Amino acid sequence: MTATDDFADLTPDQFLKAVVSGSIHPYTEHRIPKRSGGLRTLHAPIPRLAGIQQEILARLETLPAGFQPHPAAFAYRRGRSVVDCAAVHLRAHTVIRLDIADFFGSIRERHIHATLKDARMRPTGHEYRVGLVKGGNGRRRIGLRRIGRTLDTYTTTRLVTVSPPGPNQTWPNRGTGWRSVYLEATGQEFSVRRPSLVHQHTREGFLPQGAPTSGYLSNIVMREVDAVVTHQAESLGLRYTRYSDDMYFSSRGLVHHDDVDRLVAGVKKALEPLGMRLNAKKTYVARPGARRSVLGILVDGPAPRLTREYKRRVTKHVRGAASFGIEQHRRHQDFKDLAELDAHVTGLLSFAHMVEPGWAGRQLADWKRLREIPLEHEEPVSVLHGLDLFRDEETEVSQADLAKASIDDLVRGAQRYRSSSDYLQMLEFVGRFKRYAPFNAMVVHIQKPGARYVLSSSEWMSKYRRVLKPGAEPLLIFQPRGPYMLVYDVGDTEALPGALPLPKVITAPASVSSAVGEKEVLAVWHHTVTNLAPLGIRLTLVDHGASSYGRTYRSRSGGSVERPGSRPGDPPEAYATLFEIEVNRNPPLLDRYATLAHELGHLFCGHLGAGPGETWPDRSSRPLSDEDARKDHARNEVEAESIAYMVLKRLDPDVRMGDYITGHLGPDQQVPETVALNLTFKAAGLIIEMGRKRLPAAKLQKSKK
């Protein structure tokens with residue numbers, strides 16, 4: 001329903017009388033979908049009525065202190081915000097939220113009339129009347145002028161409430177006018193007018209959600225309720241605030257269930273005189289282990305904090321625009337234009353700035369920078385293209401757009417590892433991060449370099465009886481048959497009562513320093529060699545001098561390479577020989593295994609061409625100059641040795657491999673731009689898996705299709 005004009009044909013006095021009598025409906029209705037389902041109806045007053053209501057609001061704010069809102073009320077008051085409301089509940093052990101159902105619709109004309117009558121709305125030294133007043137741009141509008149008679153209480157009440165027009169059957173009868181009465185003694189039914197009500201129409205108005213006066217008036221009407229509830233909360237050791245229809249209670253200690261029941265019963269009783277009721281579906285009690293928030297702000301610590309969900313709403317746009325360009329991100333998020341997207345993001349950041357100004361300031365700076373960059377369409381390229389060979393049970397991802405976007409974004413972030421010191425630090429981290437495949441370890445290090453040990457929230461609870469701390473930072477890794485999963489570092493968890501101490505592998509993962517035994521290395525060597533044949537690789541041990549370790553080249557002799565059957569008596573499996581690897585048999589077994597890992601790194605990174613069925617890409621293009629050849633050689637050696645380093649770190653955390661990597665970095669100590677981090681970490685993951693068990697040929701030969 002929409003008011004089409006300002007009833008311009010009515011004089012100010014005629015307009016006033018028409019509003020009070022209910023002969024016109026000076027509101028525009030907007031129906032907004034609720035998150036929980038259904039519609040919320042907002043009533044926006046037309047400009048002529050809004051001007052009068054603004055004047056009334058100014059008078060309300062000059063009422064004596066005894067008629068001002070209770071201190072527990074924080075909404076619709078100058079100088080108070082949602083952050084101020086949440087700050088009352090900081091360091092909360094328990095947070096209780098109660099919601100008042102149909103808050104504005106429950107505050108009716110009778111409540112407004114009684115409140116204004118008690119307050120005697122007569123501003124000191126002035127009298128007001130309705131008339132034409134001059135606006136800011138010279139236009140004349142209807143308002144209250146200082147001179148003339150005082151508006152009576154009934155007129156003021158009718159000006160700040162909304163009544164259903166005519167015979168509108170979709171609006172409920174709010175309780176006035178005529179009602180039917182049935183007398184059991186006589187069996188008769190007849191109509192009577194409700195007593196003690198001054199209204200002369202058959203439908204009682206209520207506070208319109210959308211008028212400038214409604215919020216402040218609701219606080220005044222609720223003053224007695226707030227006083228009673230505050231007293232009850234304090235008797236139970238609770239702090240109380242109300243923000244519109246949301247009532248929050250908190251404690252710094254344990255609140256027993258009986259006390260919660262007494263609180264709810266007391267609040268219901270306090271609301272009865274106003275005919276209000278609680279919405280049972282929105283009642284909740286949050287204790288340690290659950291999210292303790294007030295108005296969406298975390299209050300379990302010494303300072304207000306944004307929730308993880310809210311931060312994700314912001315970073316989704318900042319990171320999306322950074323990864324794919326702001327125009328493509330806009331289209332993906334279905335915003336009409338860039339102005340609409342910009343308004344949405346800056347609106348989110350405005351609230352965030354009130355809660356965590358430091359974090360919000362950094363995000364806003366990034367967003368402004370991205371907003372100013374000239375935008376061009378650029379399709380993202382998946383770094384997984386052609387890498388299906390490198391899937392393992394912890395790094396397999398789907399080709400869904402979300403997964404591709406996440407991986408691309410993370411690998412782009414890894415460009416900061418171009419300095420040799422940062423690069424080696426990352427390899428060190430990945431090598432000792434044993435629980436997850438190297439690619440996932442890299443992903444964790446990119447997001448949180450100081451991480452020690454990560455698990456999902458459910459694993460922390462089931463294995464170690466630990467829960468997430470408020471504001472714990474989620475880390476994304478990739479999982480089998482799904483795009484990703486969220487894990488949390490041990491530093492973002494806390495122990496529940498009765499939890500056992502964490503094992504040393506978690507509290508000090510780098511301190512596991514026992515040297516790997518010969519038997520373990522022999523088993524890894526055996527499994528790795530067994531898995532070479534399906535890839536067309538023949539391994540030969542040769543007698544070379546101490547300075548020679550190994551080499552890899554394409555097979556020139558052809559023929560086939562075999563591996564024994566998986567069970568005794570099974571015939572051997574034969575495969576065409578595509579590549580030859582030579583390893584010096586004279587160094588210790590661990591050195592021989594390191595050499596084999598290095599040479600496999602060359603193969604799996606495509607330095608000698610594509611694998612069988614294009615199981616790994618071809619990166620062996622012939623350089624155009626000696627300088628290009630030198631750069632390609634440095635890139636190849638850095639990639640292969642990085643793989644060997646990570647593989648050996650899984651066997652012996654204290655392994656030392658000298659300065660072979662840095663020897664290929666050149667005088668500027670920069671990792672070559674062409675080093676493919678994604679290939680490197682996937683290759684290391686495959687070699688580690690090859691050393692654990694015999695793998696099916698189908699998995700090893702899996703093509704990129």
# chains A, B, ... in the order shown; residues from 1 in each chain; ligands from 1

$ residues_around --residues "Phe103 of chain A" --least-positions-apart "6" --cutoff "10 Å" --atoms "only C-alpha atoms" --output "ChimeraX atom specification"
/A:207,209,218,244-246,276-278

$ write_last_selection --atoms "N, CA and C atoms" --output "PDB file, in the first residue's frame"
ATOM      1  N   LEU A 207       2.404   1.665  17.294  1.00  0.00           N
ATOM      2  CA  LEU A 207       3.612   2.354  16.849  1.00  0.00           C
ATOM      3  C   LEU A 207       4.028   1.853  15.468  1.00  0.00           C
ATOM      4  N   GLN A 209       6.557   0.954  12.721  1.00  0.00           N
ATOM      5  CA  GLN A 209       7.993   0.713  12.577  1.00  0.00           C
ATOM      6  C   GLN A 209       8.454   1.428  11.309  1.00  0.00           C
ATOM      7  N   SER A 218       8.930   3.962  22.178  1.00  0.00           N
ATOM      8  CA  SER A 218       8.966   2.592  22.693  1.00  0.00           C
ATOM      9  C   SER A 218       9.834   2.514  23.945  1.00  0.00           C
ATOM     10  N   SER A 244      15.953  -2.277  21.549  1.00  0.00           N
ATOM     11  CA  SER A 244      14.664  -2.465  20.900  1.00  0.00           C
ATOM     12  C   SER A 244      13.988  -3.699  21.479  1.00  0.00           C
ATOM     13  N   ASP A 245      13.769  -4.735  20.659  1.00  0.00           N
ATOM     14  CA  ASP A 245      13.066  -5.921  21.158  1.00  0.00           C
ATOM     15  C   ASP A 245      14.003  -7.003  21.678  1.00  0.00           C
ATOM     16  N   ASP A 246      15.311  -6.776  21.662  1.00  0.00           N
ATOM     17  CA  ASP A 246      16.286  -7.762  22.132  1.00  0.00           C
ATOM     18  C   ASP A 246      16.706  -7.451  23.564  1.00  0.00           C
ATOM     19  N   MET A 276       2.528  -7.827  26.118  1.00  0.00           N
ATOM     20  CA  MET A 276       3.623  -8.349  25.307  1.00  0.00           C
ATOM     21  C   MET A 276       3.945  -9.781  25.711  1.00  0.00           C
ATOM     22  N   ARG A 277       4.636 -10.480  24.802  1.00  0.00           N
ATOM     23  CA  ARG A 277       5.046 -11.848  25.081  1.00  0.00           C
ATOM     24  C   ARG A 277       6.430 -12.086  24.481  1.00  0.00           C
ATOM     25  N   LEU A 278       7.101 -13.116  24.973  1.00  0.00           N
ATOM     26  CA  LEU A 278       8.416 -13.485  24.454  1.00  0.00           C
ATOM     27  C   LEU A 278       8.271 -14.426  23.273  1.00  0.00           C
TER      28      LEU A 278
END

$ residues_around --residues "Met354 of chain A" --least-positions-apart "5" --cutoff "12 Å" --atoms "only C-alpha atoms" --output "list in words"
Arg80, Ser81, Val82, Val83, Asp84, Ala86, Ala87, Ile297, Ala303, Pro304, Arg305, Leu306, Gly347, Leu348, Leu349, Trp359, Ala360 and Gly361 of chain A

$ residues_around --residues "segment 602-607 of chain A" --least-positions-apart "4" --cutoff "8 Å" --atoms "only C-alpha atoms" --output "PyMOL selection string"
chain A and resi 552+598+611+616-620+636-637+639-640+679-680+683

$ write_last_selection --atoms "N, CA and C atoms" --output "compact mmCIF listing (two decimals), in the first residue's frame"
# COMPACT_ATOMS: atom_id res chain seq x y z
N THR A 552 68.84 -38.10 -14.47
CA THR A 552 67.61 -38.59 -15.07
C THR A 552 67.60 -38.20 -16.54
N HIS A 598 65.10 -36.29 -5.42
CA HIS A 598 65.50 -35.15 -6.25
C HIS A 598 65.22 -35.43 -7.73
N GLY A 611 54.55 -36.67 -18.59
CA GLY A 611 54.52 -38.05 -18.16
C GLY A 611 53.58 -38.88 -18.99
N TRP A 616 51.80 -35.59 -15.79
CA TRP A 616 52.37 -34.32 -15.33
C TRP A 616 52.68 -33.48 -16.57
N PRO A 617 52.76 -32.19 -16.42
CA PRO A 617 52.87 -31.30 -17.59
C PRO A 617 54.27 -31.30 -18.19
N ASP A 618 54.35 -30.81 -19.41
CA ASP A 618 55.63 -30.66 -20.11
C ASP A 618 56.13 -29.23 -19.92
N ARG A 619 57.22 -29.08 -19.18
CA ARG A 619 57.83 -27.75 -18.98
C ARG A 619 59.27 -27.75 -19.48
N SER A 620 59.53 -28.52 -20.55
CA SER A 620 60.90 -28.71 -21.02
C SER A 620 61.19 -27.92 -22.29
N ASN A 636 64.88 -25.38 -12.32
CA ASN A 636 64.72 -26.83 -12.21
C ASN A 636 65.39 -27.38 -10.96
N GLU A 637 66.59 -26.89 -10.66
CA GLU A 637 67.31 -27.41 -9.50
C GLU A 637 66.66 -26.97 -8.19
N GLU A 639 63.48 -26.36 -7.75
CA GLU A 639 62.25 -27.15 -7.59
C GLU A 639 62.57 -28.57 -7.13
N ALA A 640 63.54 -29.23 -7.80
CA ALA A 640 63.85 -30.62 -7.46
C ALA A 640 64.41 -30.74 -6.06
N LEU A 679 53.20 -27.04 -8.28
CA LEU A 679 53.75 -28.29 -8.77
C LEU A 679 54.72 -28.89 -7.77
N THR A 680 55.54 -28.05 -7.17
CA THR A 680 56.57 -28.52 -6.24
C THR A 680 55.95 -29.22 -5.05
N ALA A 683 54.16 -32.50 -6.06
CA ALA A 683 55.13 -33.55 -6.36
C ALA A 683 55.69 -34.16 -5.07

$ residues_around --residues "segment 444-457 of chain A" --least-positions-apart "4" --cutoff "6 Å" --atoms "only C-alpha atoms" --output "PyMOL selection string"
chain A and resi 487-490+506

$ closest_residue --among "A:Leu338, A:Ala75, A:Ala58, A:Ala322" --to "Gln363 of chain A" --atoms "only C-alpha atoms"
A:Ala322

$ select_by_dssp --residues "segment 442-571 of chain A" --states "alpha helix (DSSP H)" --output "JSON, numbers by chain"
{"A": [442, 443, 444, 445, 446, 447, 457, 458, 459, 460, 461, 462, 463, 464, 504, 505, 506, 507, 518, 519, 520, 521, 522, 523, 524, 525, 526, 527, 528, 529, 530]}

$ write_last_selection --atoms "C-alpha atoms" --output "PDB file, in the first residue's frame"
ATOM      1  CA  MET A 442      52.015 -24.853   2.344  1.00  0.00           C
ATOM      2  CA  VAL A 443      48.413 -23.626   2.359  1.00  0.00           C
ATOM      3  CA  VAL A 444      48.462 -23.461   6.180  1.00  0.00           C
ATOM      4  CA  HIS A 445      51.804 -21.623   6.197  1.00  0.00           C
ATOM      5  CA  ILE A 446      50.570 -19.043   3.685  1.00  0.00           C
ATOM      6  CA  GLN A 447      47.598 -18.244   5.906  1.00  0.00           C
ATOM      7  CA  SER A 457      37.074 -28.261  15.465  1.00  0.00           C
ATOM      8  CA  SER A 458      35.436 -31.683  15.775  1.00  0.00           C
ATOM      9  CA  GLU A 459      38.829 -33.433  15.928  1.00  0.00           C
ATOM     10  CA  TRP A 460      40.063 -31.067  18.618  1.00  0.00           C
ATOM     11  CA  MET A 461      37.031 -32.011  20.701  1.00  0.00           C
ATOM     12  CA  SER A 462      37.031 -35.763  20.039  1.00  0.00           C
ATOM     13  CA  LYS A 463      40.794 -36.364  20.328  1.00  0.00           C
ATOM     14  CA  TYR A 464      41.951 -33.772  22.863  1.00  0.00           C
ATOM     15  CA  LYS A 504      54.946 -33.249  22.550  1.00  0.00           C
ATOM     16  CA  VAL A 505      54.305 -33.585  18.820  1.00  0.00           C
ATOM     17  CA  ILE A 506      51.698 -30.808  19.176  1.00  0.00           C
ATOM     18  CA  THR A 507      53.276 -28.522  21.745  1.00  0.00           C
ATOM     19  CA  GLU A 518      67.948 -47.691   8.746  1.00  0.00           C
ATOM     20  CA  LYS A 519      64.984 -50.069   8.766  1.00  0.00           C
ATOM     21  CA  GLU A 520      62.494 -47.259   8.209  1.00  0.00           C
ATOM     22  CA  VAL A 521      64.516 -45.768   5.354  1.00  0.00           C
ATOM     23  CA  LEU A 522      64.800 -49.196   3.753  1.00  0.00           C
ATOM     24  CA  ALA A 523      61.014 -49.647   3.841  1.00  0.00           C
ATOM     25  CA  VAL A 524      60.443 -46.216   2.272  1.00  0.00           C
ATOM     26  CA  TRP A 525      63.035 -46.951  -0.405  1.00  0.00           C
ATOM     27  CA  HIS A 526      61.430 -50.311  -1.223  1.00  0.00           C
ATOM     28  CA  HIS A 527      57.906 -48.870  -1.563  1.00  0.00           C
ATOM     29  CA  THR A 528      59.123 -45.983  -3.717  1.00  0.00           C
ATOM     30  CA  VAL A 529      61.044 -48.242  -6.089  1.00  0.00           C
ATOM     31  CA  THR A 530      58.024 -50.563  -6.367  1.00  0.00           C
TER      32      THR A 530
END

$ closest_residue --among "A:Val542, A:Phe439, A:Pro503, A:Met222" --to "Asn678 of chain A" --atoms "only C-alpha atoms"
A:Phe439

$ residues_around --residues "Ala339 of chain A" --least-positions-apart "4" --cutoff "12 Å" --atoms "only C-alpha atoms" --output "PDB file with all heavy atoms, in the first residue's frame"
ATOM      1  N   ILE A 326      37.528  -6.568  -9.752  1.00  0.00           N
ATOM      2  CA  ILE A 326      36.311  -6.150  -9.067  1.00  0.00           C
ATOM      3  C   ILE A 326      35.070  -6.311  -9.941  1.00  0.00           C
ATOM      4  O   ILE A 326      33.983  -6.621  -9.445  1.00  0.00           O
ATOM      5  CB  ILE A 326      36.464  -4.689  -8.572  1.00  0.00           C
ATOM      6  CG1 ILE A 326      35.398  -4.388  -7.516  1.00  0.00           C
ATOM      7  CG2 ILE A 326      36.422  -3.709  -9.710  1.00  0.00           C
ATOM      8  CD1 ILE A 326      35.664  -3.094  -6.768  1.00  0.00           C
ATOM      9  N   GLU A 327      35.222  -6.157 -11.247  1.00  0.00           N
ATOM     10  CA  GLU A 327      34.063  -6.286 -12.133  1.00  0.00           C
ATOM     11  C   GLU A 327      33.572  -7.730 -12.199  1.00  0.00           C
ATOM     12  O   GLU A 327      32.369  -7.996 -12.124  1.00  0.00           O
ATOM     13  CB  GLU A 327      34.421  -5.775 -13.532  1.00  0.00           C
ATOM     14  CG  GLU A 327      33.329  -5.963 -14.573  1.00  0.00           C
ATOM     15  CD  GLU A 327      32.036  -5.239 -14.208  1.00  0.00           C
ATOM     16  OE1 GLU A 327      32.096  -4.222 -13.479  1.00  0.00           O
ATOM     17  OE2 GLU A 327      30.965  -5.712 -14.632  1.00  0.00           O
ATOM     18  N   ARG A 330      31.898  -8.549  -8.984  1.00  0.00           N
ATOM     19  CA  ARG A 330      30.550  -7.966  -8.917  1.00  0.00           C
ATOM     20  C   ARG A 330      29.540  -8.862  -9.618  1.00  0.00           C
ATOM     21  O   ARG A 330      28.457  -9.133  -9.088  1.00  0.00           O
ATOM     22  CB  ARG A 330      30.547  -6.573  -9.565  1.00  0.00           C
ATOM     23  CG  ARG A 330      29.148  -5.942  -9.620  1.00  0.00           C
ATOM     24  CD  ARG A 330      29.075  -4.808 -10.615  1.00  0.00           C
ATOM     25  NE  ARG A 330      29.222  -5.257 -11.985  1.00  0.00           N
ATOM     26  CZ  ARG A 330      28.260  -5.832 -12.705  1.00  0.00           C
ATOM     27  NH1 ARG A 330      27.077  -6.068 -12.175  1.00  0.00           N
ATOM     28  NH2 ARG A 330      28.482  -6.201 -13.952  1.00  0.00           N
ATOM     29  N   PHE A 335      25.581  -8.230  -8.024  1.00  0.00           N
ATOM     30  CA  PHE A 335      25.268  -6.835  -7.730  1.00  0.00           C
ATOM     31  C   PHE A 335      24.950  -6.112  -9.032  1.00  0.00           C
ATOM     32  O   PHE A 335      25.541  -6.394 -10.085  1.00  0.00           O
ATOM     33  CB  PHE A 335      26.440  -6.147  -7.021  1.00  0.00           C
ATOM     34  CG  PHE A 335      26.549  -6.508  -5.572  1.00  0.00           C
ATOM     35  CD1 PHE A 335      27.331  -7.576  -5.160  1.00  0.00           C
ATOM     36  CD2 PHE A 335      25.855  -5.785  -4.603  1.00  0.00           C
ATOM     37  CE1 PHE A 335      27.432  -7.928  -3.826  1.00  0.00           C
ATOM     38  CE2 PHE A 335      25.945  -6.122  -3.262  1.00  0.00           C
ATOM     39  CZ  PHE A 335      26.735  -7.193  -2.872  1.00  0.00           C
ATOM     40  N   ALA A 343      28.720   0.297  -2.076  1.00  0.00           N
ATOM     41  CA  ALA A 343      27.886   0.707  -0.951  1.00  0.00           C
ATOM     42  C   ALA A 343      27.714  -0.437   0.048  1.00  0.00           C
ATOM     43  O   ALA A 343      27.726  -0.234   1.268  1.00  0.00           O
ATOM     44  CB  ALA A 343      26.524   1.184  -1.450  1.00  0.00           C
ATOM     45  N   HIS A 344      27.569  -1.643  -0.483  1.00  0.00           N
ATOM     46  CA  HIS A 344      27.407  -2.812   0.392  1.00  0.00           C
ATOM     47  C   HIS A 344      28.665  -3.042   1.228  1.00  0.00           C
ATOM     48  O   HIS A 344      28.588  -3.234   2.449  1.00  0.00           O
ATOM     49  CB  HIS A 344      27.105  -4.044  -0.469  1.00  0.00           C
ATOM     50  CG  HIS A 344      27.014  -5.319   0.304  1.00  0.00           C
ATOM     51  ND1 HIS A 344      25.932  -5.632   1.099  1.00  0.00           N
ATOM     52  CD2 HIS A 344      27.887  -6.366   0.411  1.00  0.00           C
ATOM     53  CE1 HIS A 344      26.127  -6.811   1.665  1.00  0.00           C
ATOM     54  NE2 HIS A 344      27.306  -7.270   1.260  1.00  0.00           N
ATOM     55  N   VAL A 345      29.827  -3.024   0.581  1.00  0.00           N
ATOM     56  CA  VAL A 345      31.074  -3.305   1.295  1.00  0.00           C
ATOM     57  C   VAL A 345      31.400  -2.194   2.295  1.00  0.00           C
ATOM     58  O   VAL A 345      31.782  -2.459   3.440  1.00  0.00           O
ATOM     59  CB  VAL A 345      32.231  -3.491   0.297  1.00  0.00           C
ATOM     60  CG1 VAL A 345      33.552  -3.674   1.030  1.00  0.00           C
ATOM     61  CG2 VAL A 345      31.962  -4.691  -0.599  1.00  0.00           C
ATOM     62  N   THR A 346      31.256  -0.942   1.889  1.00  0.00           N
ATOM     63  CA  THR A 346      31.561   0.154   2.811  1.00  0.00           C
ATOM     64  C   THR A 346      30.577   0.180   3.972  1.00  0.00           C
ATOM     65  O   THR A 346      30.935   0.563   5.092  1.00  0.00           O
ATOM     66  CB  THR A 346      31.543   1.501   2.074  1.00  0.00           C
ATOM     67  OG1 THR A 346      30.305   1.652   1.357  1.00  0.00           O
ATOM     68  CG2 THR A 346      32.701   1.593   1.093  1.00  0.00           C
ATOM     69  N   GLY A 347      29.332  -0.258   3.737  1.00  0.00           N
ATOM     70  CA  GLY A 347      28.379  -0.368   4.837  1.00  0.00           C
ATOM     71  C   GLY A 347      28.812  -1.410   5.851  1.00  0.00           C
ATOM     72  O   GLY A 347      28.752  -1.185   7.065  1.00  0.00           O
ATOM     73  N   ARG A 371      39.237  -0.579  -5.430  1.00  0.00           N
ATOM     74  CA  ARG A 371      38.148   0.176  -6.071  1.00  0.00           C
ATOM     75  C   ARG A 371      38.682   1.171  -7.084  1.00  0.00           C
ATOM     76  O   ARG A 371      37.993   1.525  -8.034  1.00  0.00           O
ATOM     77  CB  ARG A 371      37.350   0.908  -4.980  1.00  0.00           C
ATOM     78  CG  ARG A 371      36.089   1.580  -5.461  1.00  0.00           C
ATOM     79  CD  ARG A 371      35.051   0.559  -5.892  1.00  0.00           C
ATOM     80  NE  ARG A 371      33.841   1.207  -6.380  1.00  0.00           N
ATOM     81  CZ  ARG A 371      33.666   1.623  -7.618  1.00  0.00           C
ATOM     82  NH1 ARG A 371      34.633   1.472  -8.505  1.00  0.00           N
ATOM     83  NH2 ARG A 371      32.543   2.190  -7.991  1.00  0.00           N
TER      84      ARG A 371
END

$ residues_around --residues "segment 558-562 of chain A" --least-positions-apart "2" --cutoff "8 Å" --atoms "only C-alpha atoms" --output "VMD selection string"
chain A and resid 533 536 to 538 555 to 556 564 572 to 578
